[in-house]
Structure formats: structure tokens, C-alpha cells
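Engineer: To start, I am sharing the structure in question, which I have written as C-alpha cells.
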Amino acid sequence: MREGSLEAPTRHPLDWQSESFWDKQDLETELERVYDICHGCRRCVSLCDSFPTLFDLVDESETLEVDGIDKGDYNKVVDQCFMCDMCYMSKCPYVPPHEWNIDFPHLMLRAKAHKFKEQGASFRDKVLTSTDTVGKLATIPLVDITVNALNSNTLFRKAFQSAMGVHKDAPVPQYHSKTLRKSVKKMGDNISPKAVGETTGKVALYATCYGNYNSPELGEDFYRVFQHNNIHIELVPKEQCCGMPKLELGDLEAVARAKEVNIPVLAKLVDQGFDLIAPVPSCVLMYKQELPLMFPDDADVQKVKEAFYDPFEYLHLRHKKGEFNTAFVRSLDNISYHVACHLRVQNIGMKTRDILALVPDTTIHPQQRCSGHDGTYAVKEETYDKAVKIARPVVRKVNALKSEHLSSDCPMAAAHIADLADTGEKPEHPMTLLRMAYGI
């Protein structure tokens, strides 16, 4: 039996609508099998806290093996998985096509789905993962001012931690009544799309919950940069949350409901000749990987998958064909650039770094370690300290570099790192930096 595979990893569809998927005994048997293989390997110990938790359970058991772990403790491992996919894509030697067929993240997802089906979720977790609902309520004019003021008040945050389990020190995003959708309505263009390579030169921007409610200024940055590169850009006319927060919660039915709203809209855009982009890597990954694996037989889902791009991947594809504007008017000096996990697992390389490196007199310092934010993980009272620990290597490097800019494709990861760093840098999205270099 071989120790590992030199072949490219493949991903099997998530068979979440089968009877065996929901069979508890079958799940426990598979958890024991995979835990035993992980225990014998231990290569992923430096990633999330799932693996140290598992190995501690083994090392503290009577048998010093997985068979000594109480099955009631299996979910202690599951609860620490935040679905970053890094173990699957960067560490595990036993992923398919290896005969052991290990897909640790999707096994954790299956266990989360079982737990959600049996126990539901806490009020806090339902609220934290209902990003659309919270965003709509918190961006009502004047309500946004009140919410932002309370979130920056120390006494309120202490009380909120006691009442809701949201850690008092965790940075939380601001809300803006002038959402991205409101701010880009007057930013149309008369650009005639020019197909370059596999790109059509006509993109639809999927705003995302975070982009729409929490970082509306990103919309203008995207519009200005893409228009500056003679790319026609429009906003997706209608959207809901991509479903990633509910996926991480194990609420697969909620993911399916969001898909039923989003996919017809996006598929229609593809039929009209649009390519698709989004400002947050997790949302891109949802359409590139998770939904296609959940719905492998849905032709529209697969169509959307093929048309979805990371924004810097898109610009780089056009750059390779000589259609990227390199007429920069200012340098960006040094950039501490955190490479988000959900960007790394897309297997496209560091296209953001490569594009920013085209700016003269600019040096990018990539940090390829987890930020520790991971959706709601760094916000919850019980996991905040672990999120801080996970982020320490990145934070130490940022502190040492003292770069002029701190950036990540994931705005939430960047905010988490900036909050822990000593430099006082305000995090900036790479698209914001690119616009800055253009002077537009």
C-alpha cells in the first residue's frame, strides 16, 4: 500500500441527499476510520485546532489509540473545524485518488450537518450566520449609526458577550446605510467588451453580504479598476448570501434554499455573456467548489462554476494576453499581504501578489498562514482565544515587517490581523491598493 499519492487531488461530490449520509452509525464508523489515519500521520497538527484536539483525546485515552476515545467526544474535534480546506489541499497525503479516500473537511461537514439536524443551533449561531438578515436590519438609516456606536462601546460589548457569547475583544464590522448596491448605481460605462483568452471582458460583480453591507467602498474600487482596464462591469441584479456561513454551521437545507435563489440569476448572466467575480474568496469558493460538489447534476450550478473567477485571477488572465493596464502613477512601497485560506485552496496561485508586483517600486510580503478569523470562529466567546493563537505567526511577521500597507483578499481576516498587530495599520483590500496605484 502506498504512503501517499503524487497525483493531483480530486474531490468527490458530497452525497448529502443519500440515506447513508444521514446514518449515524455509518458516520461514527467513518469518523473512527479517518481519526485513526490522522492519528497515525499527524501532519496537520499545525493547522486548525481540530487536530490537536483529536491527538489530545487519543493521548489521554486508556488505549492511547482512537478506539479509546468516547464516541461522545468525536464532536469536540468537529467543533474546531472551520472548513478552511487547507488540510485537504496542502497537507493530507491520503486524499483521493489515494485508496484511503480521506476528505477531512467534508467529513467534518457531514458531522456538523448531523449535529444541526439533531440539535439545531444556538440563537447566537443562527444570528451570526444569517448575514443577509442582520445586514438588512443593521443598515437601516440611523440604525447603522446606533449599531456601530454600540459595537465600539466597551461596556456594551461586555454585556453583549454575557448575553450572546460574542467575545468582547473580537473586531466586528461596521454597517453602512449607503450599501454597495446603493453606491454603484450611477457607475455604468460605455465599454464594449473585448474577449481575451477565456475571459469575455464583461463581468458581473456578486456583491456578497460583507461587500454590500460592511465594505460598500469596495464596490467603487472594483468598478474603477475594471473600467480602467476596459472591462465592462455591472452588479449582479439580485442576490442572497452565497450560503457559506450556513454551510459551516451544517445547515445544508439553508444552503440549498440560497442556491435556488442565486443560481438562476447567475446562470442567466452567464448566458448573456458575463463572467462572474466577487470581492470575498469564501464566496468565490462557494460557487467554484462547494455548490458544484453539493449539486453535481445541476447544469446551471456547473455553468456558474465555470464562469466564476477570483477578481485578480481574472485580471491576471488578461495580463497574460497583454490586456492589463500597467500605467501606474505611484508605488505602493511594502505590502504585508495575507493570503486567505479560501483563496489558497482555489489552486490558482498568488495572482493578487503577481498583479500588485507589477506596480513599480512595490514589494509584496506574502503571509501564507491562517489568520484565525475563519468566519464566525474568531467572534465566538469559546473560540476567540484559539483564533488569536492561530493568528500569532502572521501577526508576528506583520509586526516585524512594519510595511506601509496591510492587505488581504479577505476583509475579515485583514481586520482580525490588524486588530492583533502592534503597527496600527488600517487594513486595505488589494483592489483598493490597485486603484491607489492607478491614481483613479
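Identifiers for the C-alpha cells are assigned positionally: chains receive A, B, ... in sequence, residues are indexed from 1 per chain, and ligands are indexed from 1 in the order shown.
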Please provide as a PyMOL selection string all residues within 7 Å of region 341-356 of chain A, with the sequence filter that same-chain residues fewer than 5 positions apart are discarded (counting only C-alpha atoms).

Structural biologist: chain A and resi 84-86+89+281-282+285+312-313+316+364+370+434

Engineer: Grab the residues selected above and save them as a short mmCIF file (atom, residue, chain, number, x, y, z; two decimals), in the first residue's frame with N, CA and C atoms.

Structural biologist:
data_model
loop_
_atom_site.label_atom_id
_atom_site.label_comp_id
_atom_site.auth_asym_id
_atom_site.auth_seq_id
_atom_site.Cartn_x
_atom_site.Cartn_y
_atom_site.Cartn_z
N CYS A 84 -11.67 25.40 6.36
CA CYS A 84 -10.73 26.16 5.54
C CYS A 84 -10.22 25.36 4.36
N ASP A 85 -10.28 24.02 4.45
CA ASP A 85 -9.87 23.11 3.38
C ASP A 85 -8.36 22.96 3.25
N MET A 86 -7.59 23.60 4.11
CA MET A 86 -6.14 23.55 3.96
C MET A 86 -5.58 22.16 4.20
N MET A 89 -6.08 20.30 0.87
CA MET A 89 -5.37 20.80 -0.30
C MET A 89 -3.86 20.91 -0.11
N PRO A 281 -13.02 35.83 -1.07
CA PRO A 281 -12.64 34.50 -1.54
C PRO A 281 -13.61 33.39 -1.14
N SER A 282 -14.19 33.47 0.06
CA SER A 282 -15.10 32.41 0.52
C SER A 282 -16.32 32.30 -0.38
N LEU A 285 -15.25 30.68 -3.62
CA LEU A 285 -15.07 29.24 -3.40
C LEU A 285 -16.41 28.53 -3.32
N PHE A 312 -8.59 38.89 -9.08
CA PHE A 312 -7.20 39.05 -9.52
C PHE A 312 -6.78 37.92 -10.46
N GLU A 313 -7.39 36.77 -10.32
CA GLU A 313 -7.21 35.72 -11.31
C GLU A 313 -7.68 36.23 -12.67
N HIS A 316 -5.30 38.76 -14.09
CA HIS A 316 -4.05 38.12 -14.50
C HIS A 316 -4.22 37.36 -15.81
N ILE A 364 5.89 42.98 -2.24
CA ILE A 364 4.81 42.27 -1.54
C ILE A 364 5.42 41.18 -0.67
N CYS A 370 -2.77 30.78 8.33
CA CYS A 370 -4.16 31.12 8.63
C CYS A 370 -4.25 32.36 9.51
N LEU A 434 -4.73 48.65 -5.63
CA LEU A 434 -4.53 48.74 -7.07
C LEU A 434 -5.11 50.04 -7.61
#

Engineer: Near region 189-191 of chain A, within 12 Å and counting only C-alpha atoms, which residues show up once chain neighbours fewer than 5 positions away are dropped, as a list in words?

Structural biologist: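 Listed by chain and then number, they are Val184, Gly201, Lys202, Val203, Tyr223, Arg224, Phe226, Gln227, His228, Asn229, Asn230, Ile231, His232, Ile233 and Glu234 of chain A.
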
Engineer: Nearest residue to Thr326 (chain A) out of A:Val255, A:Gly439, A:Ser403, A:Leu247, using only C-alpha atoms?

Structural biologist: A:Gly439

Engineer: Kindly indicate which residue among A:Arg369, A:Arg435, A:Lys402, A:Arg181 lies nearest to Ile390 (chain A), using only C-alpha atoms for the distances.

Structural biologist: A:Arg369

Engineer: Enumerate the residues of region 161-327 of chain A with a DSSP assignment of strand (DSSP E or B), computed from the backbone, and present them as an MDAnalysis selection string.

Structural biologist: chainID A and resid 166 196 199 202:205 232:235 275:277 308:309

Engineer: Would you please work out which residue, of A:Gln119, A:Ser50, A:Thr131, A:Thr63, is nearest to Thr376 (chain A) when using only C-alpha atoms?

Structural biologist: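 Among the listed residues, the smallest separation from Thr376 (chain A) belongs to A:Thr131.
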
Engineer: Figure out the distance between CA of Ala204 (chain A) and CA of Ile277 (chain A), please, to one decimal in Å.

Structural biologist: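 Spanning CA of Ile277 (chain A) to CA of Ala204 (chain A) is a straight-line distance of 6.4 Å.
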
Engineer: Which is closest to Leu276 (chain A) among A:Leu358, A:Leu64, A:Leu401, A:Leu235, if we use only C-alpha atoms?

Structural biologist: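 Nearest candidate to Leu276 (chain A) out of A:Leu358, A:Leu64, A:Leu401, A:Leu235: A:Leu235.
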
Engineer: List the spatial neighbours of Val172 (chain A) as a VMD selection string - criterion: any atom at most 12 Å away, only C-alpha atoms, same-chain residues fewer than 3 positions off excluded.

Structural biologist: chain A and resid 128 147 to 153 157 166 to 169 175 210 214 373 375 to 376 378 to 380 411 to 416 419

Engineer: CA of Asp125 (chain A) to CA of Pro245 (chain A): how many Å, to one decimal?

Structural biologist: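 That distance, rounded to one decimal, is 9.6 Å.
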
Engineer: Rounded to one decimal place, report the CA of Glu260 (chain A)-CA of Ala278 (chain A) distance in Å.

Structural biologist: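 These two atoms are separated by 18.7 Å.
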
Engineer: So, with only C-alpha atoms as the atoms that count, which of A:Ala437, A:Leu266, A:Ile37, A:Val78 lies closest to Lys115 (chain A)?

Structural biologist: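 For Lys115 (chain A), the nearest of the candidates is A:Val78.
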
Engineer: Counting only C-alpha atoms, figure out which residue out of A:Ala421, A:Val225, A:Val196, A:Val134 gets nearest to Leu317 (chain A).

Structural biologist: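 Of A:Ala421, A:Val225, A:Val196, A:Val134, the one nearest Leu317 (chain A), counting only C-alpha atoms, is A:Val196.
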